[in-house]
Amino acid sequence: MSFINYMAREINCKIVYYGPGLCGKTTNLQYIYERTNPDAKGKMISLATETERTLFFDFLPLSLGEIRGFKTRFHLYTVPGQVFYDASRKLILKGVDGVIFCADSQIERLEANQESMDNLRTNLAEQGYSLEKIPFVIQYNKRDLPNAVDVQELRDLLNPMGVPDFEANARSGMGVFDTLKAVSKLVLTELKRGG
Amino acid sequence: MVNPQMVMYEEEFNQIQTVVDRLVKEANARVVFIVDKNGQLIAAAGDVDNLDTTSLASLTAGNIAATGGIAKLLRENEFAAQFHEGEKANIHIQLVGNRVILVVIFDAKSSLGLVRLRVRKSTDELNRIFEALLSKVAAPGADSPFAEITDEDIDNLFND
């Protein structure tokens, strides 16, 4: 749910990175953080375990510039990917405006991707959202790895709806901003429609 | 969308700001701020210059969300208030109308008793303001300033 502040002339939107454990959600945020002009970003917060697994969420506030005199601010969140943190994932989805599903391209993770996608669908439905209606894009991460499966196979498995999808390597940054831009555009388009 | 759009207008913003400005003084607090449950900062008062209010807002909302989750498991509706005691700074967090969060940061110049007393009074006032705001937003014909955004406007945002 976006927040329109007429007083501060700001639009605030919430974008959530979803996906199985170790697929690279936090790495996406880290790359965005490193490559963004200091004026346009706030502090990145990671609530992680001692082994750097996300415990609750990562958070990165970004400013994208002005649109019709309103500053657009995006709050990026990641969810903890590990299966047993489901209660936390549900909390982070509250009030979401757009979702990026980060898939792990490795053949060993096909099932984990599918499971996480099902979980996303269920958790959104619990809040009255549906993947068909919410701004949604998919990122196929870790394309550089030798055990990455064919994009078409991932697409058949995870993207039957044909939402915008992107190949990425979050560590090098390939595809990271393309994915973010795509979902941001969808969110603003939704806002335009009065969503 | 399921949730009504959160919107803030100048009139209500000024009312809210008056309440938080007063609360800082009356509670002898360092900082007072209001966040919505999704972690967006709505208003702040006091010594906010040296404070990362955006991060604080997001973490406070996360905290309230987690506590709300615990409450649900215990079949409680909500834990409306929380208090964290530090060596120098303390923080009192209060849910207002199950919609926004009122946060008071204070030190040894104040006390938990005083803060709770003043927060209670402000909560009632804030409740009324937010109820009025919500009914305004829900009213039919509430205009969206973004209906006129063109695809070009959106594209321009990303041309760098």
# chains A, B, ... in the order shown; residues from 1 in each chain; ligands from 1
>>> residues_around(residues="range 24-32 of chain A", least_positions_apart="4", cutoff="7 Å", atoms="only C-alpha atoms", output="ChimeraX atom specification")
/A:17,36,58,78,102,170-171,173,176
>>> residues_around(residues="range 37-39 of chain A", least_positions_apart="5", cutoff="12 Å", atoms="only C-alpha atoms", output="PDB file with N, CA and C atoms, in the first residue's frame")
ATOM      1  N   ILE A  32      22.585  -2.764  -5.259  1.00  0.00           N
ATOM      2  CA  ILE A  32      21.879  -1.484  -5.453  1.00  0.00           C
ATOM      3  C   ILE A  32      22.453  -0.433  -4.510  1.00  0.00           C
ATOM      4  N   MET A  44      21.476   0.989   4.624  1.00  0.00           N
ATOM      5  CA  MET A  44      20.923  -0.354   4.423  1.00  0.00           C
ATOM      6  C   MET A  44      20.977  -1.098   5.753  1.00  0.00           C
ATOM      7  N   PRO A  61      16.145   2.129   1.784  1.00  0.00           N
ATOM      8  CA  PRO A  61      15.303   3.196   1.229  1.00  0.00           C
ATOM      9  C   PRO A  61      16.006   3.862   0.041  1.00  0.00           C
ATOM     10  N   LEU A  62      15.278   4.079  -1.032  1.00  0.00           N
ATOM     11  CA  LEU A  62      15.841   4.671  -2.254  1.00  0.00           C
ATOM     12  C   LEU A  62      14.958   5.811  -2.738  1.00  0.00           C
ATOM     13  N   SER A  63      15.571   6.866  -3.269  1.00  0.00           N
ATOM     14  CA  SER A  63      14.784   7.911  -3.930  1.00  0.00           C
ATOM     15  C   SER A  63      15.014   7.791  -5.420  1.00  0.00           C
ATOM     16  N   LEU A  64      13.958   7.832  -6.182  1.00  0.00           N
ATOM     17  CA  LEU A  64      14.123   7.659  -7.627  1.00  0.00           C
ATOM     18  C   LEU A  64      14.044   8.955  -8.408  1.00  0.00           C
ATOM     19  N   GLY A  65      13.641  10.025  -7.741  1.00  0.00           N
ATOM     20  CA  GLY A  65      13.490  11.284  -8.471  1.00  0.00           C
ATOM     21  C   GLY A  65      12.058  11.765  -8.382  1.00  0.00           C
TER      22      GLY A  65
ATOM     23  N   ASP B 160      18.532   7.535 -16.963  1.00  0.00           N
ATOM     24  CA  ASP B 160      19.710   8.173 -16.368  1.00  0.00           C
ATOM     25  C   ASP B 160      20.988   7.801 -17.088  1.00  0.00           C
TER      26      ASP B 160
END
>>> residues_around(residues="range 146-156 of chain B", least_positions_apart="5", cutoff="10 Å", atoms="only C-alpha atoms", output="number ranges by chain")
A: 65-68, 70, 181, 184-186, 188-194
>>> write_last_selection(atoms="N, CA and C atoms", output="PDB file, in the first residue's frame")
ATOM      1  N   GLY A  65      13.641  10.025  -7.741  1.00  0.00           N
ATOM      2  CA  GLY A  65      13.490  11.284  -8.471  1.00  0.00           C
ATOM      3  C   GLY A  65      12.058  11.765  -8.382  1.00  0.00           C
ATOM      4  N   GLU A  66      11.754  12.848  -9.118  1.00  0.00           N
ATOM      5  CA  GLU A  66      10.425  13.448  -8.980  1.00  0.00           C
ATOM      6  C   GLU A  66       9.515  13.100 -10.144  1.00  0.00           C
ATOM      7  N   ILE A  67       8.247  12.993  -9.830  1.00  0.00           N
ATOM      8  CA  ILE A  67       7.260  12.759 -10.862  1.00  0.00           C
ATOM      9  C   ILE A  67       6.090  13.698 -10.568  1.00  0.00           C
ATOM     10  N   ARG A  68       5.827  14.595 -11.480  1.00  0.00           N
ATOM     11  CA  ARG A  68       4.779  15.607 -11.271  1.00  0.00           C
ATOM     12  C   ARG A  68       4.916  16.306  -9.925  1.00  0.00           C
ATOM     13  N   PHE A  70       6.154  15.281  -7.205  1.00  0.00           N
ATOM     14  CA  PHE A  70       6.206  14.409  -6.034  1.00  0.00           C
ATOM     15  C   PHE A  70       7.498  13.593  -6.035  1.00  0.00           C
ATOM     16  N   LYS A 181      13.904  -1.611 -11.938  1.00  0.00           N
ATOM     17  CA  LYS A 181      13.197  -0.623 -12.758  1.00  0.00           C
ATOM     18  C   LYS A 181      11.864  -1.176 -13.233  1.00  0.00           C
ATOM     19  N   SER A 184       9.363  -1.178 -10.438  1.00  0.00           N
ATOM     20  CA  SER A 184       9.025   0.199 -10.043  1.00  0.00           C
ATOM     21  C   SER A 184       8.056   0.817 -11.043  1.00  0.00           C
ATOM     22  N   LYS A 185       8.315   0.553 -12.318  1.00  0.00           N
ATOM     23  CA  LYS A 185       7.414   1.060 -13.356  1.00  0.00           C
ATOM     24  C   LYS A 185       6.005   0.499 -13.171  1.00  0.00           C
ATOM     25  N   LEU A 186       5.932  -0.795 -12.917  1.00  0.00           N
ATOM     26  CA  LEU A 186       4.614  -1.409 -12.728  1.00  0.00           C
ATOM     27  C   LEU A 186       3.899  -0.810 -11.520  1.00  0.00           C
ATOM     28  N   LEU A 188       4.280   2.225 -10.240  1.00  0.00           N
ATOM     29  CA  LEU A 188       3.827   3.590 -10.541  1.00  0.00           C
ATOM     30  C   LEU A 188       2.645   3.561 -11.502  1.00  0.00           C
ATOM     31  N   THR A 189       2.657   2.606 -12.418  1.00  0.00           N
ATOM     32  CA  THR A 189       1.541   2.479 -13.352  1.00  0.00           C
ATOM     33  C   THR A 189       0.260   2.114 -12.599  1.00  0.00           C
ATOM     34  N   GLU A 190       0.425   1.257 -11.601  1.00  0.00           N
ATOM     35  CA  GLU A 190      -0.705   0.844 -10.761  1.00  0.00           C
ATOM     36  C   GLU A 190      -1.254   2.054  -9.984  1.00  0.00           C
ATOM     37  N   LEU A 191      -0.319   2.879  -9.507  1.00  0.00           N
ATOM     38  CA  LEU A 191      -0.688   4.077  -8.756  1.00  0.00           C
ATOM     39  C   LEU A 191      -1.489   5.026  -9.652  1.00  0.00           C
ATOM     40  N   LYS A 192      -1.062   5.102 -10.893  1.00  0.00           N
ATOM     41  CA  LYS A 192      -1.723   5.941 -11.879  1.00  0.00           C
ATOM     42  C   LYS A 192      -3.174   5.482 -12.082  1.00  0.00           C
ATOM     43  N   ARG A 193      -3.313   4.157 -12.075  1.00  0.00           N
ATOM     44  CA  ARG A 193      -4.663   3.610 -12.220  1.00  0.00           C
ATOM     45  C   ARG A 193      -5.503   3.820 -10.981  1.00  0.00           C
ATOM     46  N   GLY A 194      -4.851   4.283  -9.907  1.00  0.00           N
ATOM     47  CA  GLY A 194      -5.570   4.523  -8.656  1.00  0.00           C
ATOM     48  C   GLY A 194      -5.680   3.278  -7.817  1.00  0.00           C
TER      49      GLY A 194
END
>>> residues_around(residues="Ile107 in chain A", least_positions_apart="5", cutoff="9 Å", atoms="only C-alpha atoms", output="PyMOL selection string")
chain A and resi 147-149
>>> write_last_selection(atoms="N, CA and C atoms", output="short mmCIF file (atom, residue, chain, number, x, y, z; two decimals), in the first residue's frame")
data_model
loop_
_atom_site.label_atom_id
_atom_site.label_comp_id
_atom_site.auth_asym_id
_atom_site.auth_seq_id
_atom_site.Cartn_x
_atom_site.Cartn_y
_atom_site.Cartn_z
N ASN A 147 26.14 -24.75 -13.44
CA ASN A 147 25.00 -25.65 -13.28
C ASN A 147 23.64 -24.94 -13.43
N ALA A 148 23.67 -23.74 -14.04
CA ALA A 148 22.41 -23.02 -14.27
C ALA A 148 21.61 -23.72 -15.37
N VAL A 149 20.32 -23.90 -15.12
CA VAL A 149 19.48 -24.54 -16.14
C VAL A 149 19.06 -23.51 -17.19
#
>>> interface_residues(of="chain B", to="chain A", cutoff="10 Å", atoms="only C-alpha atoms", output="PyMOL selection string")
chain B and resi 1-14+36-42+52-55+58-59+61-66+68-70+143-151+153-158
>>> write_last_selection(atoms="C-alpha atoms", output="short mmCIF file (atom, residue, chain, number, x, y, z; two decimals), in the first residue's frame")
data_model
loop_
_atom_site.label_atom_id
_atom_site.label_comp_id
_atom_site.auth_asym_id
_atom_site.auth_seq_id
_atom_site.Cartn_x
_atom_site.Cartn_y
_atom_site.Cartn_z
CA MET B 1 -6.08 -3.35 -3.40
CA VAL B 2 -7.18 -4.59 -0.02
CA ASN B 3 -5.85 -1.81 2.16
CA PRO B 4 -7.10 1.69 1.67
CA GLN B 5 -4.46 4.00 0.31
CA MET B 6 -2.58 5.83 3.03
CA VAL B 7 -2.75 9.52 2.26
CA MET B 8 -1.61 12.53 4.25
CA TYR B 9 -3.06 16.01 3.71
CA GLU B 10 -1.75 19.32 4.96
CA GLU B 11 -4.61 19.90 7.40
CA GLU B 12 -4.24 16.60 9.22
CA PHE B 13 -0.47 16.73 9.02
CA ASN B 14 -0.47 20.05 10.87
CA ASP B 36 2.52 3.84 9.90
CA LYS B 37 2.44 0.07 10.30
CA ASN B 38 4.24 -0.37 6.99
CA GLY B 39 7.24 1.56 8.23
CA GLN B 40 6.65 4.94 6.59
CA LEU B 41 7.53 7.94 8.72
CA ILE B 42 4.56 10.28 9.14
CA ASP B 52 18.26 8.12 11.07
CA THR B 53 14.47 8.37 11.23
CA THR B 54 13.90 6.34 8.05
CA SER B 55 15.71 3.33 9.50
CA SER B 58 11.22 0.69 9.33
CA LEU B 59 12.66 -1.15 12.33
CA ALA B 61 7.28 -1.19 12.18
CA GLY B 62 9.12 -4.52 11.95
CA ASN B 63 9.17 -4.71 15.71
CA ILE B 64 5.44 -4.01 15.97
CA ALA B 65 4.74 -6.55 13.23
CA ALA B 66 6.75 -9.23 15.02
CA GLY B 68 1.70 -8.54 16.69
CA GLY B 69 2.60 -11.98 15.33
CA ILE B 70 3.46 -13.17 18.83
CA ASP B 143 -9.02 12.50 -6.19
CA SER B 144 -5.80 10.77 -7.10
CA PRO B 145 -3.16 13.22 -8.28
CA PHE B 146 -1.57 10.43 -10.24
CA ALA B 147 -4.39 9.74 -12.61
CA GLU B 148 -2.74 12.21 -14.95
CA ILE B 149 0.69 10.64 -14.84
CA THR B 150 1.67 9.57 -18.33
CA ASP B 151 3.76 6.57 -19.31
CA ASP B 153 6.52 10.61 -16.92
CA ILE B 154 7.28 7.16 -15.59
CA ASP B 155 9.83 6.44 -18.31
CA ASN B 156 11.57 9.76 -17.63
CA LEU B 157 12.17 8.72 -14.06
CA PHE B 158 14.36 5.90 -15.29
#
>>> select_by_dssp(residues="range 72-136 of chain B", states="helix (DSSP H, G or I)", output="list in words")
Lys72, Leu73, Leu112, Gly113, Leu114, Val115, Arg116, Leu117, Arg118, Val119, Arg120, Lys121, Ser122, Thr123, Asp124, Glu125, Leu126, Asn127, Arg128, Ile129, Phe130, Glu131, Ala132, Leu133, Leu134, Ser135 and Lys136 of chain B
>>> atom_distance(atom1="CA of Gly175 in chain A", atom2="CA of Arg121 in chain A")
23.9 Å
>>> atom_distance(atom1="CA of Asp86 in chain A", atom2="CA of Phe33 in chain B")
29.9 Å
>>> atom_distance(atom1="CA of Ile34 in chain B", atom2="CA of Gly98 in chain A")
24.1 Å
>>> select_by_dssp(residues="chain B", states="strand (DSSP E or B)", output="number ranges by chain")
B: 6-8, 31-36, 41-46, 81-85, 90-96, 100-106
>>> write_last_selection(atoms="C-alpha atoms", output="PDB file, in the first residue's frame")
ATOM      1  CA  MET B   6      -2.575   5.831   3.033  1.00  0.00           C
ATOM      2  CA  VAL B   7      -2.747   9.522   2.259  1.00  0.00           C
ATOM      3  CA  MET B   8      -1.608  12.533   4.251  1.00  0.00           C
ATOM      4  CA  VAL B  31      12.342  12.557  20.171  1.00  0.00           C
ATOM      5  CA  VAL B  32       8.767  11.675  19.289  1.00  0.00           C
ATOM      6  CA  PHE B  33       7.763  10.213  15.966  1.00  0.00           C
ATOM      7  CA  ILE B  34       4.821   8.585  14.255  1.00  0.00           C
ATOM      8  CA  VAL B  35       5.156   5.754  11.780  1.00  0.00           C
ATOM      9  CA  ASP B  36       2.518   3.841   9.897  1.00  0.00           C
ATOM     10  CA  LEU B  41       7.526   7.939   8.718  1.00  0.00           C
ATOM     11  CA  ILE B  42       4.559  10.283   9.140  1.00  0.00           C
ATOM     12  CA  ALA B  43       5.759  12.967  11.540  1.00  0.00           C
ATOM     13  CA  ALA B  44       8.634  13.616  13.913  1.00  0.00           C
ATOM     14  CA  ALA B  45       9.561  16.158  16.570  1.00  0.00           C
ATOM     15  CA  GLY B  46      12.444  16.872  18.921  1.00  0.00           C
ATOM     16  CA  ALA B  81       2.512  -0.851  24.176  1.00  0.00           C
ATOM     17  CA  GLN B  82       6.187  -1.786  24.437  1.00  0.00           C
ATOM     18  CA  PHE B  83       9.037  -0.385  26.441  1.00  0.00           C
ATOM     19  CA  HIS B  84      12.768  -0.881  25.904  1.00  0.00           C
ATOM     20  CA  GLU B  85      15.180   0.293  28.548  1.00  0.00           C
ATOM     21  CA  ASN B  90      14.726   4.425  26.543  1.00  0.00           C
ATOM     22  CA  ILE B  91      12.034   3.910  23.995  1.00  0.00           C
ATOM     23  CA  HIS B  92       8.287   3.662  24.451  1.00  0.00           C
ATOM     24  CA  ILE B  93       6.237   2.344  21.544  1.00  0.00           C
ATOM     25  CA  GLN B  94       2.458   2.636  21.444  1.00  0.00           C
ATOM     26  CA  LEU B  95      -0.003   1.428  18.836  1.00  0.00           C
ATOM     27  CA  VAL B  96      -2.593   4.051  17.957  1.00  0.00           C
ATOM     28  CA  VAL B 100      -0.072   3.921  13.324  1.00  0.00           C
ATOM     29  CA  ILE B 101       2.723   3.712  15.866  1.00  0.00           C
ATOM     30  CA  LEU B 102       3.683   6.439  18.311  1.00  0.00           C
ATOM     31  CA  VAL B 103       7.328   6.267  19.403  1.00  0.00           C
ATOM     32  CA  VAL B 104       8.841   8.254  22.262  1.00  0.00           C
ATOM     33  CA  ILE B 105      12.591   8.247  22.913  1.00  0.00           C
ATOM     34  CA  PHE B 106      13.607   9.654  26.281  1.00  0.00           C
TER      35      PHE B 106
END
>>> closest_residue(among="A:Gln106, A:Val137, A:Met117, A:Ala168", to="Ile15 in chain A", atoms="only C-alpha atoms")
A:Val137
